[in-house]
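Asks: Provided herewith: protein.pdb, PDB, C-alpha atoms.
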MODEL        1
ATOM      1  CA  MET A 317       5.481  29.826 -10.784
ATOM      2  CA  ILE A 318       1.787  29.671 -11.719
ATOM      3  CA  ILE A 319      -0.167  26.464 -11.091
ATOM      4  CA  ARG A 320      -3.274  25.805 -13.126
ATOM      5  CA  VAL A 321      -5.485  22.801 -13.729
ATOM      6  CA  GLU A 322      -5.136  21.411 -17.255
ATOM      7  CA  PRO A 323      -8.840  21.162 -18.271
ATOM      8  CA  ASN A 324      -8.438  18.788 -21.221
ATOM      9  CA  ALA A 325      -6.191  16.228 -19.522
ATOM     10  CA  PRO A 326      -7.705  12.734 -18.984
ATOM     11  CA  ASN A 327      -6.920  12.896 -15.254
ATOM     12  CA  THR A 328      -8.793  16.184 -14.968
ATOM     13  CA  LYS A 329     -11.872  14.831 -16.744
ATOM     14  CA  LYS A 330     -11.876  11.837 -14.422
ATOM     15  CA  PHE A 331     -11.525  14.169 -11.439
ATOM     16  CA  LEU A 332     -14.508  16.295 -12.511
ATOM     17  CA  LYS A 333     -16.699  13.207 -12.851
ATOM     18  CA  TYR A 334     -15.590  12.031  -9.422
ATOM     19  CA  VAL A 335     -16.565  15.335  -7.782
ATOM     20  CA  VAL A 336     -19.972  15.302  -9.483
ATOM     21  CA  GLU A 337     -20.524  11.696  -8.392
ATOM     22  CA  LYS A 338     -19.727  12.623  -4.788
ATOM     23  CA  VAL A 339     -22.273  15.443  -4.878
ATOM     24  CA  LEU A 340     -24.921  13.081  -6.267
ATOM     25  CA  GLU A 341     -24.343  10.739  -3.332
ATOM     26  CA  HIS A 342     -26.094  13.383  -1.218
ATOM     27  CA  GLU A 343     -29.385  13.175  -3.105
ATOM     28  CA  PRO A 344     -31.959  14.558  -3.011
ATOM     29  CA  LEU A 345     -30.200  17.765  -3.944
ATOM     30  CA  LYS A 346     -31.859  20.926  -2.693
ATOM     31  CA  ARG A 347     -31.110  24.565  -3.309
ATOM     32  CA  GLY A 348     -28.447  25.772  -0.894
ATOM     33  CA  LYS A 349     -27.308  22.290   0.121
ATOM     34  CA  ILE A 350     -23.669  22.159   1.241
ATOM     35  CA  VAL A 351     -21.679  19.092   0.205
ATOM     36  CA  LYS A 352     -18.217  18.308   1.527
ATOM     37  CA  VAL A 353     -15.842  16.428  -0.783
ATOM     38  CA  LEU A 354     -12.549  15.012   0.476
ATOM     39  CA  LEU A 355      -9.733  14.314  -1.974
ATOM     40  CA  GLN A 356      -6.443  12.511  -1.471
ATOM     41  CA  GLU A 357      -3.496  11.875  -3.749
ATOM     42  CA  HIS A 358      -3.185   8.237  -4.955
ATOM     43  CA  VAL A 359      -6.630   7.401  -3.547
ATOM     44  CA  THR A 360      -9.166   9.618  -5.291
ATOM     45  CA  PRO A 361      -8.775  11.194  -8.722
ATOM     46  CA  LEU A 362      -6.993  14.540  -8.820
ATOM     47  CA  PRO A 363      -6.675  16.820 -11.843
ATOM     48  CA  GLU A 364      -3.579  17.329 -13.935
ATOM     49  CA  PHE A 365      -1.787  20.367 -12.549
ATOM     50  CA  ASN A 366       0.135  22.506 -15.019
ATOM     51  CA  GLU A 367       3.142  23.863 -13.146
ATOM     52  CA  ASN A 368       4.871  26.274 -15.506
ATOM     53  CA  LEU A 369       8.325  27.472 -14.497
ATOM     54  CA  PHE A 370       8.245  30.333 -16.969
ATOM     55  CA  GLU A 371       4.961  31.942 -15.909
ATOM     56  CA  GLY A 372       4.952  34.536 -13.155
ATOM     57  CA  ASP A 373       7.851  35.536 -10.877
ATOM     58  CA  TYR A 374      10.051  36.329 -13.844
ATOM     59  CA  ASP A 375      12.914  37.444 -11.629
ATOM     60  CA  THR A 376      13.100  34.109  -9.820
ATOM     61  CA  ASN A 377      15.669  31.544 -10.898
ATOM     62  CA  PRO A 378      13.964  28.368 -12.317
ATOM     63  CA  GLY A 379      16.124  26.217 -10.064
ATOM     64  CA  GLU A 380      14.835  28.063  -7.015
ATOM     65  CA  LYS A 381      11.267  27.522  -8.182
ATOM     66  CA  ILE A 382      11.838  23.778  -8.362
ATOM     67  CA  ASP A 383      13.345  23.806  -4.874
ATOM     68  CA  PHE A 384      10.166  25.390  -3.515
ATOM     69  CA  GLN A 385       7.687  23.130  -5.284
ATOM     70  CA  GLU A 386       6.698  21.566  -1.971
ATOM     71  CA  ASP A 387       5.288  24.944  -0.963
ATOM     72  CA  ASN A 388       2.868  24.854  -3.892
ATOM     73  CA  ALA A 389       0.252  22.687  -2.178
ATOM     74  CA  HIS A 390      -1.746  25.780  -1.208
ATOM     75  CA  ALA A 391      -1.535  27.042  -4.785
ATOM     76  CA  LYS A 392      -2.970  23.716  -5.948
ATOM     77  CA  THR A 393      -5.852  24.167  -3.510
ATOM     78  CA  MET A 394      -6.671  27.477  -5.164
ATOM     79  CA  GLY A 395      -6.260  25.863  -8.575
ATOM     80  CA  LEU A 396      -8.892  23.262  -7.665
ATOM     81  CA  ILE A 397     -11.334  25.948  -6.536
ATOM     82  CA  VAL A 398     -10.849  28.085  -9.643
ATOM     83  CA  TYR A 399     -11.199  25.111 -11.993
ATOM     84  CA  LEU A 400     -14.370  23.745 -10.383
ATOM     85  CA  ASN A 401     -16.005  27.165 -10.281
ATOM     86  CA  GLU A 402     -15.317  27.463 -14.004
ATOM     87  CA  GLN A 403     -16.616  23.984 -14.865
ATOM     88  CA  LEU A 404     -19.586  23.353 -12.580
ATOM     89  CA  PRO A 405     -22.998  24.978 -13.120
ATOM     90  CA  PRO A 406     -23.207  28.641 -11.997
ATOM     91  CA  HIS A 407     -22.926  29.117  -8.232
ATOM     92  CA  SER A 408     -22.451  25.375  -7.624
ATOM     93  CA  GLY A 409     -18.682  25.401  -7.285
ATOM     94  CA  PRO A 410     -16.713  25.209  -4.039
ATOM     95  CA  ARG A 411     -17.119  28.214  -1.757
ATOM     96  CA  HIS A 412     -14.415  26.895   0.514
ATOM     97  CA  GLY A 413     -11.288  24.809   0.039
ATOM     98  CA  LYS A 414      -8.792  23.648   2.623
ATOM     99  CA  LEU A 415      -5.478  21.827   2.444
ATOM    100  CA  LEU A 416      -5.581  19.124   5.143
ATOM    101  CA  LYS A 417      -2.229  17.434   4.470
ATOM    102  CA  GLU A 418       0.716  17.970   2.154
ATOM    103  CA  ASN A 419       1.951  14.372   2.103
ATOM    104  CA  PRO A 420      -0.052  12.806   0.673
ATOM    105  CA  LEU A 421      -1.927  15.784  -0.735
ATOM    106  CA  THR A 422      -5.332  15.848   0.963
ATOM    107  CA  PHE A 423      -7.947  18.502   0.262
ATOM    108  CA  GLU A 424     -11.363  19.356   1.661
ATOM    109  CA  LEU A 425     -13.794  21.177  -0.621
ATOM    110  CA  LYS A 426     -17.231  22.499   0.319
ATOM    111  CA  LEU A 427     -19.636  22.934  -2.575
ATOM    112  CA  VAL A 428     -22.999  24.684  -2.502
ATOM    113  CA  VAL A 429     -25.731  23.381  -4.796
ATOM    114  CA  SER A 430     -27.574  26.503  -5.935
ATOM    115  CA  ASP A 431     -29.432  24.992  -8.898
ATOM    116  CA  PRO A 432     -30.329  21.307  -8.359
ATOM    117  CA  LYS A 433     -31.968  20.902 -11.784
ATOM    118  CA  GLY A 434     -28.991  22.479 -13.486
ATOM    119  CA  PHE A 435     -26.641  20.211 -11.558
ATOM    120  CA  TYR A 436     -28.581  17.086 -12.527
ATOM    121  CA  LYS A 437     -28.465  18.143 -16.183
ATOM    122  CA  PHE A 438     -24.731  18.830 -15.927
ATOM    123  CA  ALA A 439     -24.185  15.378 -14.394
ATOM    124  CA  ASP A 440     -26.274  13.754 -17.105
ATOM    125  CA  ASP A 441     -24.273  15.516 -19.818
ATOM    126  CA  LEU A 442     -21.096  14.136 -18.223
ATOM    127  CA  GLY A 443     -22.590  10.651 -18.168
ATOM    128  CA  VAL A 444     -22.459  10.463 -14.379
ATOM    129  CA  THR A 445     -25.150   8.923 -12.192
ATOM    130  CA  ALA A 446     -25.262   8.344  -8.456
ATOM    131  CA  ASP A 447     -24.712   4.618  -9.003
ATOM    132  CA  LYS A 448     -21.415   4.983 -10.862
ATOM    133  CA  GLU A 449     -18.103   4.379  -9.148
ATOM    134  CA  ILE A 450     -15.169   6.445 -10.338
ATOM    135  CA  GLY A 451     -11.608   6.263  -9.085
ATOM    136  CA  GLU A 452      -9.510   3.968  -6.949
ATOM    137  CA  GLY A 453     -11.076   4.613  -3.556
ATOM    138  CA  SER A 454     -12.687   7.164  -1.324
ATOM    139  CA  VAL A 455     -11.783   9.455   1.537
ATOM    140  CA  LYS A 456     -14.037  10.120   4.522
ATOM    141  CA  GLU A 457     -13.760  12.193   7.656
ATOM    142  CA  ARG A 458     -15.078  11.013  11.001
ATOM    143  CA  ASN A 459     -14.618  12.891  14.246
ATOM    144  CA  GLY A 460     -12.021  15.074  12.585
ATOM    145  CA  LYS A 461      -9.967  12.083  11.393
ATOM    146  CA  VAL A 462      -9.463  11.435   7.687
ATOM    147  CA  THR A 463      -9.859   7.770   6.733
ATOM    148  CA  VAL A 464      -9.108   6.188   3.380
ATOM    149  CA  THR A 465     -10.965   3.339   1.699
ATOM    150  CA  ILE A 466      -9.143   1.581  -1.135
ATOM    151  CA  LYS A 467     -11.084  -0.599  -3.569
ATOM    152  CA  LEU A 468      -9.653  -4.034  -4.316
ATOM    153  CA  PHE A 469     -10.996  -6.829  -6.492
ATOM    154  CA  PHE A 470     -10.647 -10.607  -6.281
ATOM    155  CA  ASN A 471     -11.761 -12.980  -9.026
ATOM    156  CA  GLU A 472     -12.397 -16.713  -9.204
ATOM    157  CA  ASP A 473      -8.979 -17.255 -10.759
ATOM    158  CA  GLY A 474      -7.350 -15.991  -7.562
ATOM    159  CA  LYS A 475      -6.241 -12.613  -8.880
ATOM    160  CA  LEU A 476      -6.266  -9.799  -6.315
ATOM    161  CA  TRP A 477      -5.738  -6.271  -7.593
ATOM    162  CA  ARG A 478      -6.405  -2.610  -6.942
ATOM    163  CA  GLU A 479      -8.644  -0.624  -9.259
ATOM    164  CA  GLY A 480      -6.631   1.529 -11.607
ATOM    165  CA  LYS A 481      -3.480  -0.483 -10.838
ATOM    166  CA  GLU A 482      -4.178  -3.669 -12.807
ATOM    167  CA  LYS A 483      -0.486  -4.112 -13.606
ATOM    168  CA  HIS A 484       0.187  -4.764  -9.934
ATOM    169  CA  PHE A 485      -1.636  -7.862  -8.718
ATOM    170  CA  TYR A 486      -1.301 -10.880  -6.453
ATOM    171  CA  LEU A 487      -2.265 -14.205  -8.036
ATOM    172  CA  MET A 488      -3.212 -16.958  -5.578
ATOM    173  CA  GLU A 489      -3.462 -20.508  -6.857
ATOM    174  CA  LYS A 490      -7.101 -21.531  -7.004
ATOM    175  CA  GLY A 491      -8.068 -24.142  -4.433
ATOM    176  CA  ARG A 492      -4.972 -23.618  -2.285
ATOM    177  CA  ASP A 493      -4.984 -22.355   1.302
ATOM    178  CA  ARG A 494      -4.384 -18.663   0.619
ATOM    179  CA  TYR A 495      -7.076 -18.584  -2.054
ATOM    180  CA  LYS A 496      -9.573 -20.232   0.313
ATOM    181  CA  ILE A 497      -8.705 -17.850   3.145
ATOM    182  CA  MET A 498      -9.165 -14.746   1.002
ATOM    183  CA  GLU A 499     -12.388 -16.041  -0.515
ATOM    184  CA  TYR A 500     -13.713 -16.894   2.968
ATOM    185  CA  PHE A 501     -13.250 -13.360   4.297
ATOM    186  CA  ILE A 502     -14.720 -11.705   1.205
ATOM    187  CA  VAL A 503     -17.799 -13.933   1.094
ATOM    188  CA  ASN A 504     -18.579 -13.717   4.819
ATOM    189  CA  LYS A 505     -18.105  -9.937   5.095
ATOM    190  CA  PHE A 506     -17.357  -9.850   8.822
ATOM    191  CA  ASN A 507     -17.948  -6.391  10.279
ATOM    192  CA  ASP A 508     -15.864  -7.216  13.331
ATOM    193  CA  TYR A 509     -13.051  -9.557  14.268
ATOM    194  CA  TYR A 510     -13.976 -13.225  13.894
ATOM    195  CA  PRO A 511     -12.302 -15.822  16.160
ATOM    196  CA  THR A 512      -9.246 -17.481  14.658
ATOM    197  CA  LYS A 513     -10.329 -20.943  15.809
ATOM    198  CA  ALA A 514     -13.735 -20.533  14.164
ATOM    199  CA  ILE A 515     -12.195 -19.444  10.855
ATOM    200  CA  ALA A 516      -9.674 -22.293  10.908
ATOM    201  CA  HIS A 517     -12.429 -24.786  11.754
ATOM    202  CA  ASP A 518     -14.613 -23.577   8.886
ATOM    203  CA  LEU A 519     -11.683 -24.008   6.507
ATOM    204  CA  GLY A 520     -10.720 -27.410   7.908
ATOM    205  CA  LYS A 521      -7.412 -26.217   9.347
ATOM    206  CA  ASN A 522      -6.340 -27.600  12.720
ATOM    207  CA  ASN A 523      -2.831 -26.148  12.882
ATOM    208  CA  LEU A 524      -3.494 -22.615  14.173
ATOM    209  CA  PRO A 525       0.142 -21.375  14.050
ATOM    210  CA  ASN A 526       0.408 -22.456  10.411
ATOM    211  CA  PHE A 527      -2.967 -20.869   9.651
ATOM    212  CA  SER A 528      -1.804 -17.547  11.137
ATOM    213  CA  ARG A 529       1.405 -17.753   9.095
ATOM    214  CA  GLN A 530      -0.659 -18.148   5.923
ATOM    215  CA  ILE A 531      -2.551 -14.959   6.764
ATOM    216  CA  GLY A 532       0.759 -13.231   7.423
ATOM    217  CA  ASN A 533       2.022 -14.391   4.028
ATOM    218  CA  ILE A 534      -1.086 -13.037   2.306
ATOM    219  CA  ASN A 535      -0.540  -9.638   3.920
ATOM    220  CA  ARG A 536       3.176  -9.534   3.175
ATOM    221  CA  ILE A 537       2.912 -10.583  -0.473
ATOM    222  CA  ALA A 538      -0.133  -8.384  -1.168
ATOM    223  CA  LYS A 539       1.602  -5.293   0.220
ATOM    224  CA  ASN A 540       4.627  -5.984  -1.950
ATOM    225  CA  LYS A 541       2.876  -6.927  -5.193
ATOM    226  CA  ILE A 542      -0.082  -4.510  -5.069
ATOM    227  CA  ARG A 543       1.866  -1.637  -3.488
ATOM    228  CA  LEU A 544      -0.261  -1.427  -0.328
ATOM    229  CA  LYS A 545       0.717   0.149   2.976
ATOM    230  CA  ASP A 546      -1.625  -1.668   5.372
ATOM    231  CA  ASN A 547      -2.368  -5.343   5.953
ATOM    232  CA  ILE A 548      -5.443  -6.595   4.128
ATOM    233  CA  LEU A 549      -6.356  -9.064   6.872
ATOM    234  CA  GLU A 550      -6.162  -7.324  10.214
ATOM    235  CA  GLY A 551      -5.608  -9.405  13.328
ATOM    236  CA  LYS A 552      -6.058  -8.695  17.010
ATOM    237  CA  ARG A 553      -4.826 -11.016  19.735
ATOM    238  CA  GLY A 554      -7.690 -12.717  21.524
ATOM    239  CA  ARG A 555     -10.278 -11.480  19.015
ATOM    240  CA  GLY A 556      -9.338 -12.946  15.630
ATOM    241  CA  TYR A 557      -9.215 -11.500  12.116
ATOM    242  CA  LYS A 558     -11.201  -9.314   9.749
ATOM    243  CA  ILE A 559     -10.658  -7.426   6.498
ATOM    244  CA  SER A 560      -9.064  -4.092   7.350
ATOM    245  CA  ALA A 561     -11.394  -1.096   7.194
ATOM    246  CA  THR A 562      -8.855   0.469   4.830
ATOM    247  CA  TYR A 563     -10.051  -1.843   2.051
ATOM    248  CA  LYS A 564     -13.282  -2.682   0.291
ATOM    249  CA  ILE A 565     -12.857  -5.973  -1.586
ATOM    250  CA  THR A 566     -15.329  -7.006  -4.274
ATOM    251  CA  MET A 567     -15.614 -10.405  -5.942
ATOM    252  CA  LYS A 568     -15.369 -10.236  -9.726
ATOM    253  CA  SER A 569     -16.581 -12.993 -12.023
TER     254      SER A 569
ENDMDL
END
Written as structure tokens, that's how I'd like the structure from this file.
Replies:
Amino acid sequence: MIIRVEPNAPNTKKFLKYVVEKVLEHEPLKRGKIVKVLLQEHVTPLPEFNENLFEGDYDTNPGEKIDFQEDNAHAKTMGLIVYLNEQLPPHSGPRHGKLLKENPLTFELKLVVSDPKGFYKFADDLGVTADKEIGEGSVKERNGKVTVTIKLFFNEDGKLWREGKEKHFYLMEKGRDRYKIMEYFIVNKFNDYYPTKAIAHDLGKNNLPNFSRQIGNINRIAKNKIRLKDNILEGKRGRGYKISATYKITMKS
């Protein structure tokens, strides 16, 4: 089976813009600059892979090819490298690509910017600037550990949703406890855990067990309705609560 990137697919075009945006985040670009881009399935855009059962390995039974599709992650890594080297300005494609995880698919690409002016022109032709945000989230690596940031939005009507997944949302009734709790955390932007008593006091809630249950309900319902794996509001005994580092929540008007 041969795996190629489908260049004209909408997902692929979105993926290319995402990669260019990530390179622009490392401005100013200089000749020879190495930029690392991390990609993860369901978090950052990935291209449309064309997996054709009838190309290559003609003697292999199609059923056997399907059985071994899980082994194609490395082939997809090569597909990414080939596609980007074909699309990006000359000598600006990835010189190195590595498969970090198979489930979910997580890739590390290292690109070398050989022609900064050419890259800026290419980005401009794509309509990409350093200020644009493309995709559902981002992937970063710190101390060898891959971390995921998922972008969520909350509006004044109480709707909480994930970018790119607008069909899955959690609607909190405006003015009610859960709405006020979510709004409080988003507006205050605590970088660390904030004491439970202080939060409850600010919101006029004296019943701490009930207050903690409300936070638990927010986490449970959000994970179910928005298809999330981790709690949005992360708690630690003796320290309080904060928005989980997994999420970046933005208020929308």
Asks: Quick check, in Å to one decimal: how far apart do CA of Ala391 in chain A and CA of Arg320 in chain A lie?
Replies: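 Spanning CA of Ala391 in chain A to CA of Arg320 in chain A is a straight-line distance of 8.6 Å.
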Asks: Carefully work through the PyMOL selection byres ((chain A and resi 538-553) around 8) for this structure and note down the residues it includes, as JSON, numbers by chain.
Replies: {"A": [477, 478, 481, 484, 485, 486, 509, 531, 534, 535, 536, 537, 554, 555, 556, 557, 558, 559, 560, 562, 563]}
Asks: Filtering to C-alpha atoms, could you give me those residues as an mmCIF file, in the frame of the given file?
Replies:
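Contents of the output file out_6.cif:
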data_model
loop_
_atom_site.group_PDB
_atom_site.id
_atom_site.type_symbol
_atom_site.label_atom_id
_atom_site.label_comp_id
_atom_site.auth_asym_id
_atom_site.auth_seq_id
_atom_site.Cartn_x
_atom_site.Cartn_y
_atom_site.Cartn_z
ATOM 1 C CA TRP A 477 -5.738 -6.271 -7.593
ATOM 2 C CA ARG A 478 -6.405 -2.610 -6.942
ATOM 3 C CA LYS A 481 -3.480 -0.483 -10.838
ATOM 4 C CA HIS A 484 0.187 -4.764 -9.934
ATOM 5 C CA PHE A 485 -1.636 -7.862 -8.718
ATOM 6 C CA TYR A 486 -1.301 -10.880 -6.453
ATOM 7 C CA TYR A 509 -13.051 -9.557 14.268
ATOM 8 C CA ILE A 531 -2.551 -14.959 6.764
ATOM 9 C CA ILE A 534 -1.086 -13.037 2.306
ATOM 10 C CA ASN A 535 -0.540 -9.638 3.920
ATOM 11 C CA ARG A 536 3.176 -9.534 3.175
ATOM 12 C CA ILE A 537 2.912 -10.583 -0.473
ATOM 13 C CA GLY A 554 -7.690 -12.717 21.524
ATOM 14 C CA ARG A 555 -10.278 -11.480 19.015
ATOM 15 C CA GLY A 556 -9.338 -12.946 15.630
ATOM 16 C CA TYR A 557 -9.215 -11.500 12.116
ATOM 17 C CA LYS A 558 -11.201 -9.314 9.749
ATOM 18 C CA ILE A 559 -10.658 -7.426 6.498
ATOM 19 C CA SER A 560 -9.064 -4.092 7.350
ATOM 20 C CA THR A 562 -8.855 0.469 4.830
ATOM 21 C CA TYR A 563 -10.051 -1.843 2.051
#
Asks: Using Å and a single decimal, report how far CA of Leu468 in chain A sits from CA of Glu499 in chain A.
Replies: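 Separating CA of Glu499 in chain A from CA of Leu468 in chain A is a distance of 12.9 Å.
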Asks: Within 9 Å of Thr328 in chain A, counting all atoms listed in the file, which residues show up once you throw out same-chain ones fewer than 2 positions away? Write them as a list of chain:residue names, please.
Replies: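 Contacts, in chain order: A:Val321, A:Glu322, A:Pro323, A:Asn324, A:Ala325, A:Pro326, A:Lys330, A:Phe331, A:Leu332, A:Lys333, A:Pro361, A:Leu362, A:Pro363, A:Glu364, A:Phe365.
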Asks: Those selected residues, please, written with C-alpha atoms and delivered as a PDB file, keeping the file's coordinate frame.
Replies:
ATOM      1  CA  VAL A 321      -5.485  22.801 -13.729  1.00  0.00           C
ATOM      2  CA  GLU A 322      -5.136  21.411 -17.255  1.00  0.00           C
ATOM      3  CA  PRO A 323      -8.840  21.162 -18.271  1.00  0.00           C
ATOM      4  CA  ASN A 324      -8.438  18.788 -21.221  1.00  0.00           C
ATOM      5  CA  ALA A 325      -6.191  16.228 -19.522  1.00  0.00           C
ATOM      6  CA  PRO A 326      -7.705  12.734 -18.984  1.00  0.00           C
ATOM      7  CA  LYS A 330     -11.876  11.837 -14.422  1.00  0.00           C
ATOM      8  CA  PHE A 331     -11.525  14.169 -11.439  1.00  0.00           C
ATOM      9  CA  LEU A 332     -14.508  16.295 -12.511  1.00  0.00           C
ATOM     10  CA  LYS A 333     -16.699  13.207 -12.851  1.00  0.00           C
ATOM     11  CA  PRO A 361      -8.775  11.194  -8.722  1.00  0.00           C
ATOM     12  CA  LEU A 362      -6.993  14.540  -8.820  1.00  0.00           C
ATOM     13  CA  PRO A 363      -6.675  16.820 -11.843  1.00  0.00           C
ATOM     14  CA  GLU A 364      -3.579  17.329 -13.935  1.00  0.00           C
ATOM     15  CA  PHE A 365      -1.787  20.367 -12.549  1.00  0.00           C
TER      16      PHE A 365
END
Asks: What does the distance from CA of Lys349 in chain A to CA of Leu427 in chain A come to in Å, to one decimal?
Replies: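 Answer for the CA of Lys349 in chain A to CA of Leu427 in chain A separation: 8.2 Å.
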Asks: Go through the shown structure with the PyMOL selection byres ((chain A and resi 399) around 9) and write out the matching residues as a tab-separated table (two decimals) with C-alpha atoms, in the coordinates of the input.
Replies:
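Result file is expr_3.tsv:
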chain	number	residue	atom	x	y	z
A	320	ARG	CA	-3.27	25.80	-13.13
A	321	VAL	CA	-5.48	22.80	-13.73
A	322	GLU	CA	-5.14	21.41	-17.26
A	323	PRO	CA	-8.84	21.16	-18.27
A	394	MET	CA	-6.67	27.48	-5.16
A	395	GLY	CA	-6.26	25.86	-8.57
A	396	LEU	CA	-8.89	23.26	-7.66
A	397	ILE	CA	-11.33	25.95	-6.54
A	398	VAL	CA	-10.85	28.08	-9.64
A	400	LEU	CA	-14.37	23.74	-10.38
A	401	ASN	CA	-16.00	27.16	-10.28
A	402	GLU	CA	-15.32	27.46	-14.00
A	403	GLN	CA	-16.62	23.98	-14.86
A	404	LEU	CA	-19.59	23.35	-12.58
A	409	GLY	CA	-18.68	25.40	-7.28
Asks: Which residues, named as in the file, does the PyMOL selection byres ((chain A and resi 346) around 12) pick out? Answer as number ranges by chain.
Replies: A: 339-340, 342-345, 347-351, 408, 428-436
Asks: For a cutoff of 9 Å around the file-coordinate point (-14.5, -8.0, -3.3), which residues qualify once you count only C-alpha atoms? I'd like the result as a PyMOL selection string.
Replies: chain A and resi 467-471+476+499+502-503+564-568
Asks: For Ala516 in chain A, list every protein, DNA or RNA residue within 12 Å, evaluated using all atoms listed in the file, and leave out those in the same chain fewer than 4 positions away; present the list as an NGL selection string.
Replies: :A and (493 or 496-497 or 500-501 or 510-512 or 520-528 or 530-531 or 556-557)
Asks: My structure is short of atoms at range 486-492 of chain A; please model all heavy atoms there, returning them as a compact mmCIF listing (two decimals), in the frame of the given file.
Replies:
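Written file, selection_37.txt:
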# COMPACT_ATOMS: atom_id res chain seq x y z
N TYR A 486 -1.76 -9.71 -7.20
CA TYR A 486 -1.30 -10.88 -6.45
C TYR A 486 -2.16 -12.05 -6.91
O TYR A 486 -3.38 -12.05 -6.74
CB TYR A 486 -1.46 -10.62 -4.96
CG TYR A 486 -1.13 -11.77 -4.03
CD1 TYR A 486 -0.41 -12.89 -4.45
CD2 TYR A 486 -1.54 -11.73 -2.70
CE1 TYR A 486 -0.12 -13.93 -3.59
CE2 TYR A 486 -1.24 -12.76 -1.82
CZ TYR A 486 -0.54 -13.86 -2.27
OH TYR A 486 -0.25 -14.90 -1.41
N LEU A 487 -1.54 -13.05 -7.52
CA LEU A 487 -2.26 -14.20 -8.04
C LEU A 487 -2.10 -15.38 -7.08
O LEU A 487 -0.99 -15.88 -6.87
CB LEU A 487 -1.75 -14.58 -9.43
CG LEU A 487 -2.54 -15.67 -10.17
CD1 LEU A 487 -3.99 -15.24 -10.38
CD2 LEU A 487 -1.87 -15.99 -11.50
N MET A 488 -3.22 -15.81 -6.49
CA MET A 488 -3.21 -16.96 -5.58
C MET A 488 -3.73 -18.19 -6.33
O MET A 488 -4.72 -18.09 -7.06
CB MET A 488 -4.12 -16.68 -4.37
CG MET A 488 -3.78 -15.41 -3.63
SD MET A 488 -4.92 -15.09 -2.27
CE MET A 488 -4.63 -13.33 -2.02
N GLU A 489 -3.07 -19.30 -6.13
CA GLU A 489 -3.46 -20.51 -6.86
C GLU A 489 -4.83 -20.99 -6.38
O GLU A 489 -5.06 -21.19 -5.18
CB GLU A 489 -2.42 -21.61 -6.64
CG GLU A 489 -2.65 -22.82 -7.53
CD GLU A 489 -1.53 -23.84 -7.41
OE1 GLU A 489 -0.46 -23.49 -6.87
OE2 GLU A 489 -1.73 -24.98 -7.87
N LYS A 490 -5.73 -21.15 -7.33
CA LYS A 490 -7.10 -21.53 -7.00
C LYS A 490 -7.14 -22.87 -6.28
O LYS A 490 -6.47 -23.83 -6.67
CB LYS A 490 -7.94 -21.61 -8.28
CG LYS A 490 -9.43 -21.81 -8.03
CD LYS A 490 -10.23 -21.70 -9.31
CE LYS A 490 -11.72 -21.84 -9.02
NZ LYS A 490 -12.53 -21.67 -10.25
N GLY A 491 -7.92 -22.91 -5.19
CA GLY A 491 -8.07 -24.14 -4.43
C GLY A 491 -7.05 -24.32 -3.33
O GLY A 491 -7.23 -25.18 -2.46
N ARG A 492 -5.99 -23.51 -3.33
CA ARG A 492 -4.97 -23.62 -2.28
C ARG A 492 -5.38 -22.79 -1.07
O ARG A 492 -6.34 -22.03 -1.09
CB ARG A 492 -3.60 -23.18 -2.82
CG ARG A 492 -3.11 -24.01 -4.01
CD ARG A 492 -2.94 -25.48 -3.64
NE ARG A 492 -1.87 -25.70 -2.69
CZ ARG A 492 -0.61 -25.94 -3.04
NH1 ARG A 492 -0.25 -25.96 -4.32
NH2 ARG A 492 0.31 -26.15 -2.10
